Structures are given as C-alpha cells and as structure tokens.
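> Sharing my_file-v1.pdb below, PDB, C-alpha atoms (C1' of nucleotides):
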```pdb
ATOM      1  CA  MET A   1      -6.372 -27.815  21.152
ATOM      2  CA  PRO A   2      -8.063 -26.854  24.425
ATOM      3  CA  THR A   3      -7.752 -23.135  24.070
ATOM      4  CA  ASP A   4     -10.923 -22.667  26.079
ATOM      5  CA  LEU A   5      -9.647 -23.071  29.588
ATOM      6  CA  PRO A   6      -7.573 -19.931  29.883
ATOM      7  CA  LEU A   7     -10.257 -17.996  28.072
ATOM      8  CA  LEU A   8     -12.843 -18.819  30.692
ATOM      9  CA  ASP A   9     -10.558 -17.523  33.384
ATOM     10  CA  ARG A  10     -10.028 -14.397  31.378
ATOM     11  CA  ARG A  11     -13.720 -13.831  31.202
ATOM     12  CA  LEU A  12     -13.693 -13.042  34.889
ATOM     13  CA  GLY A  13     -11.194 -10.300  34.257
ATOM     14  CA  GLU A  14      -8.768 -11.804  36.693
ATOM     15  CA  ARG A  15      -5.900 -12.509  34.374
ATOM     16  CA  CYS A  16      -4.532 -11.028  31.217
ATOM     17  CA  CYS A  17      -1.537 -11.037  28.970
ATOM     18  CA  ASP A  18      -0.557 -14.550  29.788
ATOM     19  CA  ILE A  19      -2.145 -16.887  27.327
ATOM     20  CA  GLY A  20       1.109 -16.822  25.416
ATOM     21  CA  ALA A  21      -0.762 -16.584  22.152
ATOM     22  CA  ARG A  22       1.720 -16.972  19.362
ATOM     23  CA  PRO A  23       0.954 -16.785  15.670
ATOM     24  CA  SER A  24       1.280 -20.045  13.787
ATOM     25  CA  ARG A  25       3.428 -18.272  11.233
ATOM     26  CA  THR A  26       6.694 -16.464  11.700
ATOM     27  CA  HIS A  27       6.773 -12.838  10.730
ATOM     28  CA  SER A  28       8.752 -13.521   7.574
ATOM     29  CA  GLU A  29       6.282 -16.202   6.520
ATOM     30  CA  ALA A  30       3.559 -13.632   7.091
ATOM     31  CA  GLU A  31       5.523 -11.179   4.975
ATOM     32  CA  GLU A  32       5.597 -13.595   2.061
ATOM     33  CA  LEU A  33       1.884 -14.201   2.319
ATOM     34  CA  ALA A  34       1.218 -10.491   2.573
ATOM     35  CA  ALA A  35       3.174 -10.067  -0.660
ATOM     36  CA  ASP A  36       0.758 -12.494  -2.340
ATOM     37  CA  PHE A  37      -2.188 -10.411  -1.227
ATOM     38  CA  ASP A  38      -0.380  -7.244  -2.194
ATOM     39  CA  ASP A  39      -0.134  -8.403  -5.792
ATOM     40  CA  LEU A  40      -3.923  -8.529  -5.869
ATOM     41  CA  ALA A  41      -4.575  -5.442  -3.775
ATOM     42  CA  HIS A  42      -5.004  -2.973  -6.602
ATOM     43  CA  PRO A  43      -8.038  -2.561  -8.861
ATOM     44  CA  VAL A  44      -6.002  -2.063 -12.015
ATOM     45  CA  ARG A  45      -3.991  -5.212 -11.410
ATOM     46  CA  LEU A  46      -7.175  -7.162 -10.739
ATOM     47  CA  GLN A  47      -8.673  -5.926 -13.983
ATOM     48  CA  LEU A  48      -5.535  -6.715 -15.960
ATOM     49  CA  LEU A  49      -5.413 -10.233 -14.547
ATOM     50  CA  ASP A  50      -9.089 -10.624 -15.269
ATOM     51  CA  VAL A  51      -8.623  -9.787 -18.935
ATOM     52  CA  LEU A  52      -5.597 -12.062 -19.210
ATOM     53  CA  VAL A  53      -7.394 -14.956 -17.549
ATOM     54  CA  ARG A  54     -10.400 -14.614 -19.811
ATOM     55  CA  ASN A  55      -8.397 -14.254 -23.003
ATOM     56  CA  GLU A  56      -6.331 -17.369 -22.916
ATOM     57  CA  GLY A  57      -3.134 -16.935 -24.809
ATOM     58  CA  ARG A  58      -2.122 -13.512 -25.939
ATOM     59  CA  VAL A  59      -3.317 -10.038 -25.232
ATOM     60  CA  CYS A  60      -1.258  -7.093 -26.332
ATOM     61  CA  VAL A  61      -0.611  -4.065 -24.191
ATOM     62  CA  CYS A  62      -2.844  -1.752 -26.163
ATOM     63  CA  ASP A  63      -5.776  -4.072 -25.510
ATOM     64  CA  LEU A  64      -4.988  -4.056 -21.819
ATOM     65  CA  GLU A  65      -4.643  -0.305 -21.954
ATOM     66  CA  ALA A  66      -8.155  -0.052 -23.339
ATOM     67  CA  ALA A  67      -9.522  -2.119 -20.474
ATOM     68  CA  VAL A  68      -8.398   0.005 -17.543
ATOM     69  CA  PRO A  69      -8.827   3.674 -16.619
ATOM     70  CA  VAL A  70      -5.159   4.641 -16.451
ATOM     71  CA  LYS A  71      -2.618   5.823 -18.995
ATOM     72  CA  GLN A  72      -0.137   3.679 -20.826
ATOM     73  CA  PRO A  73       2.902   4.202 -18.548
ATOM     74  CA  THR A  74       0.789   3.176 -15.586
ATOM     75  CA  VAL A  75      -0.342   0.032 -17.377
ATOM     76  CA  SER A  76       3.291  -0.820 -18.103
ATOM     77  CA  HIS A  77       4.083  -0.196 -14.454
ATOM     78  CA  HIS A  78       1.470  -2.646 -13.190
ATOM     79  CA  LEU A  79       2.382  -5.189 -15.845
ATOM     80  CA  ARG A  80       5.938  -4.998 -14.638
ATOM     81  CA  LEU A  81       4.888  -5.637 -11.047
ATOM     82  CA  LEU A  82       2.828  -8.653 -12.094
ATOM     83  CA  ARG A  83       5.676  -9.923 -14.240
ATOM     84  CA  GLU A  84       8.180  -9.514 -11.423
ATOM     85  CA  SER A  85       5.962 -11.450  -9.080
ATOM     86  CA  GLY A  86       5.798 -14.235 -11.649
ATOM     87  CA  LEU A  87       2.073 -14.107 -12.272
ATOM     88  CA  ILE A  88       2.288 -13.167 -15.927
ATOM     89  CA  GLU A  89       4.798 -13.406 -18.729
ATOM     90  CA  SER A  90       5.325 -11.560 -21.970
ATOM     91  CA  GLU A  91       6.440 -12.328 -25.455
ATOM     92  CA  LYS A  92       7.470  -9.820 -28.057
ATOM     93  CA  VAL A  93       6.041 -10.349 -31.520
ATOM     94  CA  GLY A  94       6.972  -7.718 -34.015
ATOM     95  CA  GLN A  95       6.267  -4.351 -32.546
ATOM     96  CA  TRP A  96       3.770  -5.755 -30.072
ATOM     97  CA  VAL A  97       4.189  -7.389 -26.706
ATOM     98  CA  TYR A  98       1.750 -10.099 -25.836
ATOM     99  CA  TYR A  99       1.047 -10.906 -22.241
ATOM    100  CA  ARG A 100      -0.413 -14.047 -20.793
ATOM    101  CA  ILE A 101      -1.096 -15.347 -17.363
ATOM    102  CA  ARG A 102       1.163 -18.040 -15.950
ATOM    103  CA  ARG A 103      -1.351 -20.653 -14.951
ATOM    104  CA  ASP A 104       1.108 -22.535 -12.766
ATOM    105  CA  ALA A 105       2.040 -19.455 -10.749
ATOM    106  CA  ALA A 106      -1.575 -18.327 -10.571
ATOM    107  CA  ARG A 107      -2.653 -21.705  -9.276
ATOM    108  CA  ALA A 108       0.163 -21.747  -6.739
ATOM    109  CA  LEU A 109      -0.864 -18.337  -5.473
ATOM    110  CA  ARG A 110      -4.474 -19.417  -5.348
ATOM    111  CA  ASP A 111      -3.520 -22.446  -3.282
ATOM    112  CA  ARG A 112      -1.424 -20.438  -0.847
ATOM    113  CA  VAL A 113      -4.213 -17.930  -0.397
ATOM    114  CA  GLN A 114      -6.847 -20.612   0.013
ATOM    115  CA  ARG A 115      -4.752 -22.300   2.660
ATOM    116  CA  VAL A 116      -4.802 -19.056   4.632
ATOM    117  CA  LEU A 117      -8.494 -18.454   4.157
ATOM    118  CA  ALA A 118      -9.459 -22.006   5.022
ATOM    119  CA  ALA A 119      -8.741 -21.140   8.650
ATOM    120  CA  PHE A 120     -11.442 -18.473   8.477
ATOM    121  CA  ALA A 121     -14.190 -21.050   8.040
TER     122      ALA A 121
ATOM    123  CA  MET B 122     -16.501 -18.204 -25.755
ATOM    124  CA  PRO B 123     -14.415 -18.513 -28.902
ATOM    125  CA  THR B 124     -11.661 -16.131 -27.933
ATOM    126  CA  ASP B 125      -9.227 -18.074 -30.079
ATOM    127  CA  LEU B 126     -10.058 -16.740 -33.483
ATOM    128  CA  PRO B 127      -8.787 -13.201 -33.106
ATOM    129  CA  LEU B 128      -5.806 -14.515 -31.207
ATOM    130  CA  LEU B 129      -4.697 -16.671 -34.108
ATOM    131  CA  ASP B 130      -4.839 -13.675 -36.394
ATOM    132  CA  ARG B 131      -2.883 -11.724 -33.851
ATOM    133  CA  ARG B 132      -0.192 -14.345 -33.878
ATOM    134  CA  LEU B 133       0.675 -13.335 -37.389
ATOM    135  CA  GLY B 134       1.236  -9.820 -36.207
ATOM    136  CA  GLU B 135      -1.286  -8.477 -38.645
ATOM    137  CA  ARG B 136      -3.766  -6.958 -36.236
ATOM    138  CA  CYS B 137      -3.692  -5.505 -32.775
ATOM    139  CA  CYS B 138      -5.686  -3.491 -30.309
ATOM    140  CA  ASP B 139      -9.011  -4.656 -31.580
ATOM    141  CA  ILE B 140     -10.116  -7.645 -29.573
ATOM    142  CA  GLY B 141     -12.164  -5.279 -27.458
ATOM    143  CA  ALA B 142     -11.085  -7.098 -24.336
ATOM    144  CA  ARG B 143     -13.086  -5.783 -21.457
ATOM    145  CA  PRO B 144     -12.749  -6.818 -17.841
ATOM    146  CA  SER B 145     -15.664  -8.777 -16.452
ATOM    147  CA  ARG B 146     -15.736  -6.406 -13.501
ATOM    148  CA  THR B 147     -16.231  -2.679 -13.451
ATOM    149  CA  HIS B 148     -13.488  -0.615 -11.977
ATOM    150  CA  SER B 149     -15.440   0.097  -8.818
ATOM    151  CA  GLU B 150     -16.156  -3.598  -8.344
ATOM    152  CA  ALA B 151     -12.448  -4.156  -8.737
ATOM    153  CA  GLU B 152     -11.844  -1.471  -6.132
ATOM    154  CA  GLU B 153     -14.022  -3.255  -3.601
ATOM    155  CA  LEU B 154     -12.243  -6.523  -4.227
ATOM    156  CA  ALA B 155      -8.876  -4.822  -3.976
ATOM    157  CA  ALA B 156      -9.953  -3.512  -0.579
ATOM    158  CA  ASP B 157     -10.536  -7.090   0.536
ATOM    159  CA  PHE B 158      -7.036  -8.057  -0.477
ATOM    160  CA  ASP B 159      -5.679  -4.895   1.088
ATOM    161  CA  ASP B 160      -7.000  -5.916   4.482
ATOM    162  CA  LEU B 161      -4.831  -9.016   4.262
ATOM    163  CA  ALA B 162      -1.838  -7.408   2.599
ATOM    164  CA  HIS B 163       0.164  -6.723   5.726
ATOM    165  CA  PRO B 164       2.154  -9.219   7.792
ATOM    166  CA  VAL B 165       1.090  -7.769  11.127
ATOM    167  CA  ARG B 166      -2.585  -7.939  10.204
ATOM    168  CA  LEU B 167      -2.166 -11.514   9.017
ATOM    169  CA  GLN B 168      -0.525 -12.451  12.305
ATOM    170  CA  LEU B 169      -3.183 -10.707  14.356
ATOM    171  CA  LEU B 170      -5.945 -12.479  12.443
ATOM    172  CA  ASP B 171      -4.102 -15.744  12.845
ATOM    173  CA  VAL B 172      -3.988 -15.422  16.616
ATOM    174  CA  LEU B 173      -7.631 -14.395  16.764
ATOM    175  CA  VAL B 174      -8.721 -17.286  14.551
ATOM    176  CA  ARG B 175      -6.819 -19.812  16.622
ATOM    177  CA  ASN B 176      -7.967 -18.478  19.977
ATOM    178  CA  GLU B 177     -11.674 -18.672  19.578
ATOM    179  CA  GLY B 178     -13.382 -16.140  21.741
ATOM    180  CA  ARG B 179     -11.365 -13.462  23.442
ATOM    181  CA  VAL B 180      -7.847 -12.262  23.179
ATOM    182  CA  CYS B 181      -6.830  -9.055  24.864
ATOM    183  CA  VAL B 182      -4.651  -6.450  23.236
ATOM    184  CA  CYS B 183      -1.619  -7.134  25.368
ATOM    185  CA  ASP B 184      -1.657 -10.731  24.166
ATOM    186  CA  LEU B 185      -1.834  -9.564  20.586
ATOM    187  CA  GLU B 186       0.928  -7.102  21.278
ATOM    188  CA  ALA B 187       3.139  -9.950  22.427
ATOM    189  CA  ALA B 188       2.516 -11.846  19.199
ATOM    190  CA  VAL B 189       3.761  -9.274  16.705
ATOM    191  CA  PRO B 190       7.005  -7.334  16.320
ATOM    192  CA  VAL B 191       5.586  -3.819  16.544
ATOM    193  CA  LYS B 192       4.795  -1.469  19.411
ATOM    194  CA  GLN B 193       1.454  -1.001  21.097
ATOM    195  CA  PRO B 194       0.230   2.046  19.137
ATOM    196  CA  THR B 195       0.895   0.197  15.918
ATOM    197  CA  VAL B 196      -1.039  -2.824  17.144
ATOM    198  CA  SER B 197      -3.957  -0.552  17.990
ATOM    199  CA  HIS B 198      -3.677   0.983  14.544
ATOM    200  CA  HIS B 199      -3.939  -2.354  12.750
ATOM    201  CA  LEU B 200      -6.719  -3.507  15.052
ATOM    202  CA  ARG B 201      -8.611  -0.394  14.144
ATOM    203  CA  LEU B 202      -8.211  -1.080  10.426
ATOM    204  CA  LEU B 203      -9.448  -4.637  10.855
ATOM    205  CA  ARG B 204     -12.336  -3.436  13.001
ATOM    206  CA  GLU B 205     -13.295  -0.770  10.460
ATOM    207  CA  SER B 206     -13.335  -3.346   7.709
ATOM    208  CA  GLY B 207     -15.645  -5.479   9.826
ATOM    209  CA  LEU B 208     -13.354  -8.475  10.179
ATOM    210  CA  ILE B 209     -13.017  -8.282  13.940
ATOM    211  CA  GLU B 210     -14.917  -6.829  16.855
ATOM    212  CA  SER B 211     -14.004  -5.816  20.362
ATOM    213  CA  GLU B 212     -15.563  -5.889  23.776
ATOM    214  CA  LYS B 213     -14.383  -3.974  26.768
ATOM    215  CA  VAL B 214     -14.207  -5.937  30.005
ATOM    216  CA  GLY B 215     -12.864  -4.014  32.943
ATOM    217  CA  GLN B 216      -9.670  -2.363  31.952
ATOM    218  CA  TRP B 217      -9.097  -4.796  29.120
ATOM    219  CA  VAL B 218     -10.376  -4.956  25.588
ATOM    220  CA  TYR B 219     -10.990  -8.367  24.135
ATOM    221  CA  TYR B 220     -10.924  -8.873  20.419
ATOM    222  CA  ARG B 221     -12.443 -11.663  18.414
ATOM    223  CA  ILE B 222     -12.801 -12.486  14.788
ATOM    224  CA  ARG B 223     -16.203 -12.048  13.162
ATOM    225  CA  ARG B 224     -16.708 -15.428  11.602
ATOM    226  CA  ASP B 225     -19.510 -14.251   9.353
ATOM    227  CA  ALA B 226     -17.471 -11.412   7.890
ATOM    228  CA  ALA B 227     -14.388 -13.588   7.628
ATOM    229  CA  ARG B 228     -16.337 -16.245   5.777
ATOM    230  CA  ALA B 229     -17.876 -13.664   3.461
ATOM    231  CA  LEU B 230     -14.455 -12.282   2.642
ATOM    232  CA  ARG B 231     -13.132 -15.780   2.090
ATOM    233  CA  ASP B 232     -15.956 -16.498  -0.333
ATOM    234  CA  ARG B 233     -15.453 -13.288  -2.283
ATOM    235  CA  VAL B 234     -11.749 -13.978  -2.570
ATOM    236  CA  GLN B 235     -12.271 -17.584  -3.556
ATOM    237  CA  ARG B 236     -14.656 -16.533  -6.261
ATOM    238  CA  VAL B 237     -11.919 -14.363  -7.733
ATOM    239  CA  LEU B 238      -9.259 -17.006  -7.453
ATOM    240  CA  ALA B 239     -11.427 -19.733  -8.903
ATOM    241  CA  ALA B 240     -10.908 -18.107 -12.295
ATOM    242  CA  PHE B 241      -7.182 -18.713 -11.921
ATOM    243  CA  ALA B 242      -7.597 -22.483 -12.042
TER     244      ALA B 242
ATOM    245  C1'  DA C 243      16.874   6.985 -44.158
ATOM    246  C1'  DG C 244      12.561   8.841 -42.332
ATOM    247  C1'  DA C 245       8.094   8.721 -40.410
ATOM    248  C1'  DG C 246       4.897   6.236 -37.617
ATOM    249  C1'  DT C 247       3.570   2.920 -33.951
ATOM    250  C1'  DA C 248       3.994   0.037 -29.645
ATOM    251  C1'  DT C 249       5.973  -0.454 -25.349
ATOM    252  C1'  DA C 250       9.243   0.541 -21.617
ATOM    253  C1'  DT C 251      11.694   3.657 -18.717
ATOM    254  C1'  DT C 252      12.691   7.871 -16.321
ATOM    255  C1'  DG C 253      11.784  11.499 -13.232
ATOM    256  C1'  DA C 254       8.845  14.123 -10.651
ATOM    257  C1'  DC C 255       4.986  14.884  -7.737
ATOM    258  C1'  DG C 256       1.264  14.147  -4.427
ATOM    259  C1'  DG C 257      -0.704  11.305  -1.342
ATOM    260  C1'  DA C 258      -1.258   7.257   1.364
ATOM    261  C1'  DC C 259       0.837   4.059   4.697
ATOM    262  C1'  DG C 260       3.457   2.194   8.752
ATOM    263  C1'  DT C 261       5.692   3.280  12.795
ATOM    264  C1'  DC C 262       6.426   5.253  17.201
ATOM    265  C1'  DG C 263       6.854   8.621  21.229
ATOM    266  C1'  DA C 264       3.942  11.243  23.784
ATOM    267  C1'  DT C 265      -0.291  11.924  25.558
ATOM    268  C1'  DA C 266      -5.169  11.101  26.636
ATOM    269  C1'  DT C 267      -8.759   8.251  28.451
ATOM    270  C1'  DA C 268     -10.772   4.899  31.172
ATOM    271  C1'  DC C 269     -10.590   1.626  34.622
ATOM    272  C1'  DC C 270      -9.133  -0.639  38.878
ATOM    273  C1'  DT C 271      -6.994  -0.736  43.570
ATOM    274  C1'  DG C 272      -5.705   0.828  47.782
TER     275       DG C 272
ATOM    276  C1'  DC D 273      -8.149  10.775  45.619
ATOM    277  C1'  DA D 274      -3.554   8.991  44.101
ATOM    278  C1'  DG D 275      -0.974   5.747  41.649
ATOM    279  C1'  DG D 276      -0.903   2.034  38.345
ATOM    280  C1'  DT D 277      -2.361  -0.436  34.143
ATOM    281  C1'  DA D 278      -4.608  -1.168  29.570
ATOM    282  C1'  DT D 279      -5.821   0.754  25.374
ATOM    283  C1'  DA D 280      -6.722   4.463  22.098
ATOM    284  C1'  DT D 281      -5.527   8.658  19.860
ATOM    285  C1'  DC D 282      -2.543  12.333  18.212
ATOM    286  C1'  DG D 283       1.208  14.209  15.735
ATOM    287  C1'  DA D 284       5.255  13.781  13.341
ATOM    288  C1'  DC D 285       8.339  11.534  10.325
ATOM    289  C1'  DG D 286      10.132   8.687   6.677
ATOM    290  C1'  DT D 287       9.116   5.641   3.079
ATOM    291  C1'  DC D 288       6.603   3.497  -0.359
ATOM    292  C1'  DC D 289       3.004   3.715  -4.016
ATOM    293  C1'  DG D 290       0.293   5.295  -8.017
ATOM    294  C1'  DT D 291       0.164   8.314 -11.691
ATOM    295  C1'  DC D 292       1.593  10.734 -15.695
ATOM    296  C1'  DA D 293       4.274  13.694 -19.164
ATOM    297  C1'  DA D 294       8.308  13.276 -21.447
ATOM    298  C1'  DT D 295      11.553  10.544 -23.392
ATOM    299  C1'  DA D 296      13.883   6.343 -24.984
ATOM    300  C1'  DT D 297      13.873   2.097 -27.488
ATOM    301  C1'  DA D 298      12.633  -1.027 -30.847
ATOM    302  C1'  DC D 299      10.070  -2.363 -34.576
ATOM    303  C1'  DT D 300       7.485  -1.631 -39.378
ATOM    304  C1'  DC D 301       6.652   0.211 -43.676
ATOM    305  C1'  DT D 302       7.663   3.162 -47.510
TER     306       DT D 302
END
```
Can you present the structure in this file as structure tokens?

Amino acid sequence: MPTDLPLLDRRLGERCCDIGARPSRTHSEAEELAADFDDLAHPVRLQLLDVLVRNEGRVCVCDLEAAVPVKQPTVSHHLRLLRESGLIESEKVGQWVYYRIRRDAARALRDRVQRVLAAFA
Amino acid sequence: MPTDLPLLDRRLGERCCDIGARPSRTHSEAEELAADFDDLAHPVRLQLLDVLVRNEGRVCVCDLEAAVPVKQPTVSHHLRLLRESGLIESEKVGQWVYYRIRRDAARALRDRVQRVLAAFA
DNA sequence: AGAGTATATTGACGGACGTCGATATACCTG
DNA sequence: CAGGTATATCGACGTCCGTCAATATACTCT
C-alpha cells in the first residue's frame, strides 16, 4: 500500500490528524491477542510452562513448587490460570495431581503470537 | 534427555516430588522475558503498535488517538510505556510529535519471544 | 478411625495498573 | 502578546493482580 504519500506531506508540518490510520484489528480482536500475551506475562508462569514443556508427560505440583520462588497456594493459583486458558491440563493420580502442557493449545498460541510478531520484521 | 524413566515410576504413584525439575531459566531471566510479553499484553498497545508498523515512518499522536478507544492522556500513557521499553521512538516536528516503531528493537523482541515459543512446538 | 500428605480454595492485604479530568508546556499564528 | 492547538504530566480513583496464612478437601496408610 502506498502509505508514503501522505507521510511526505506530513513531514512539512502542514497537515496532521488526517491520515485516517486505522488498526488492522478491531479492539476486541486486540483484546483476545492481549490475553494470549497476558498468559505469558508473568515470570512464575513462564517457569512453570518451561518445566512442563521440558518434562514431557507428568509433573506433579510439588515438583513445580520446588521450581519457582513462591509458596504452594501461589503455584496453585498460577496453575489454575494456565489451566483456565487451556494451556495445560491436569490429571489426578492417587493423592497427586500431575500437570502437562497441552501441545495443541500451546502450538495454537505460538502461531497466533508469531502471526502478530511477523509484522515486526 | 531421558526424562521418561522417573515419569514411568511416577505413574504408579509410588514416588513424587523428586524429579528435581528445574526451569531452564533463572527467575530473573524469566522476569525479563515476562516484561517483553507485558509490553504486548494490552489491547491499546497492540493497536498502537499495529498502526505504527503499518504506517512506516511517522504517525502523529492525534492519528494514534483516533485509532484507539481511549482518551488522549491514556494514549500518551501507553506511548510512554512503549517508548520506555524501547519499542518506539518519537520526534517533535513543530507542534506535533511523530512516533515510529524501532525496527531493530521490535525485531529483537520478536526473536526473544520466538525463541521462547519454539519450545512449545 | 486417626494421622499424615498433596493440592485447592478462601479471604485478606498491599501494590500495581488503566483511565480520565484538569492542568502544564510548548509551539504556531495573527 | 493573545488565542488556539498538540502533547505531556499530574493527581485521583477504581479495579485487577500477586501473594500468603489459614483452612478445606481428598487421598493413603496403619
């Protein structure tokens, strides 16, 4: 698209506020994307996901607890957020709860995020 | 790495909390990454970046203001956050301020994020 | 049943975040 | 200089977020 023409005019300081720049996404689309980034915008959640990704299969909560610098209720809190956003799932075995990453959801998130970031190139 | 062996044991419910799972990143590394995601974790910031990416060069604040559903002080607020994180820069021309994306910083952020998400594959 | 363990939930607290009206600052024009 | 415009900053307000101690729930073993 020839977005250059109005910009050259603008350089002269003669016009402003009239390029009619509109985002390519609606605000609610942007909200959904922001929610994707939000899931990843906390160090504890990143570390939990990291452990789950690198330990294919099952990791129990006490292992996760040992991997991050917060107390058990806080770990449960972040695990709940990740579960509610569909990125991980849990399975109760005896008195333990094993968590694992949901590869399909993780890949879908990765693809959505990469589609956004591709425009940054 | 053979992460499977302890996991098979674990399946029987006989052991727990001993795989010594440690995140591949320190907490402060995770904090820096989380800050990257935080920059993108707001719909208004995503929309602002979108407009700046798609209008190579200069966009003045009033144009940005027209593109998002918040008032002028809030636009300035988000522009400041993006500027402080190095993703955009501004140039004053007459009574206007033109913003543009910093391609180098944007690409660097994209690469950091993609490196994280690659593990999700 | 009773004691111990693993995990989730609740409730409270402090602090950070998003928003906006009001105001300040800087510039331009007449 | 006076009046107008563009943008930034300030100050206040409400809401959301992260954390944890305490408690609840569910399971295991004896």
> So how far away is atom C1' of C:DG257 from atom CA of A:Leu64, in Å?
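Interatomic distance, atom CA of A:Leu64 to atom C1' of C:DG257: 26.0 Å.
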> Could you tell me which residues the PyMOL selection byres ((chain D) within 10 of (chain B)) returns for this structure, as a PyMOL selection string?
chain D and resi 277-281
> Could you write out the selected residues, including C-alpha atoms (C1' of nucleotides), as an mmCIF file, in the coordinates of the input?

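Writing done, so here's result.cif:
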```
data_model
loop_
_atom_site.group_PDB
_atom_site.id
_atom_site.type_symbol
_atom_site.label_atom_id
_atom_site.label_comp_id
_atom_site.auth_asym_id
_atom_site.auth_seq_id
_atom_site.Cartn_x
_atom_site.Cartn_y
_atom_site.Cartn_z
ATOM 1 C "C1'" DT D 277 -2.361 -0.436 34.143
ATOM 2 C "C1'" DA D 278 -4.608 -1.168 29.570
ATOM 3 C "C1'" DT D 279 -5.821 0.754 25.374
ATOM 4 C "C1'" DA D 280 -6.722 4.463 22.098
ATOM 5 C "C1'" DT D 281 -5.527 8.658 19.860
#
```
> Rounded to one decimal in Å, what is the spacing between atom CA of A:Arg107 and atom CA of A:Leu49?
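Interatomic distance here is 12.9 Å.
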> Give one line per residue of chain B that approaches chain A to at most 6 Å, naming the two atoms of the closest pair and their distance in Å to one decimal, counting all atoms listed in the file; sort by chain then ascending residue number and deliver it as a Markdown table.

```
| residue | atom | partner | partner_atom | distance |
| --- | --- | --- | --- | --- |
| B:Cys138 | CA | A:Asp63 | CA | 4.8 |
| B:Arg143 | CA | A:Ala67 | CA | 5.2 |
| B:Pro144 | CA | A:Val51 | CA | 5.2 |
| B:Ala151 | CA | A:Pro43 | CA | 4.7 |
| B:Glu152 | CA | A:Pro43 | CA | 4.8 |
| B:Ala155 | CA | A:Ala41 | CA | 4.4 |
| B:Phe158 | CA | A:Ala41 | CA | 4.9 |
| B:Asp159 | CA | A:Ala41 | CA | 5.0 |
| B:Ala162 | CA | A:Ala34 | CA | 4.3 |
| B:His163 | CA | A:Ala34 | CA | 5.0 |
| B:Pro164 | CA | A:Ala30 | CA | 4.7 |
| B:Gln168 | CA | A:Pro23 | CA | 5.7 |
| B:Asp171 | CA | A:Pro23 | CA | 5.9 |
| B:Val172 | CA | A:Pro23 | CA | 5.2 |
| B:Cys183 | CA | A:Cys17 | CA | 5.3 |
| B:Asp184 | CA | A:Cys17 | CA | 4.8 |
| B:Ala188 | CA | A:Arg22 | CA | 5.2 |
| B:Ala227 | CA | A:Phe120 | CA | 5.8 |
| B:Arg228 | CA | A:Ala121 | CA | 5.7 |
| B:Arg231 | CA | A:Leu117 | CA | 5.7 |
| B:Leu238 | CA | A:Arg110 | CA | 5.8 |
| B:Phe241 | CA | A:Ala106 | CA | 5.8 |
| B:Ala242 | CA | A:Arg107 | CA | 5.7 |
```
> With 5 Å of padding per side, what axis-aligned box (centre and edge lengths, Å, one decimal) covers all the listed atoms of stretch 28-36 of chain A? Give it as JSON.

```
{"center_x": 4.8, "center_y": -13.1, "center_z": 2.6, "size_x": 18.0, "size_y": 16.1, "size_z": 19.9}
```
> Could you state which residues are captured by the PyMOL selection byres ((chain C) within 9 of (chain A)) in this file, as an MDAnalysis selection string?
chainID C and resid 247:251
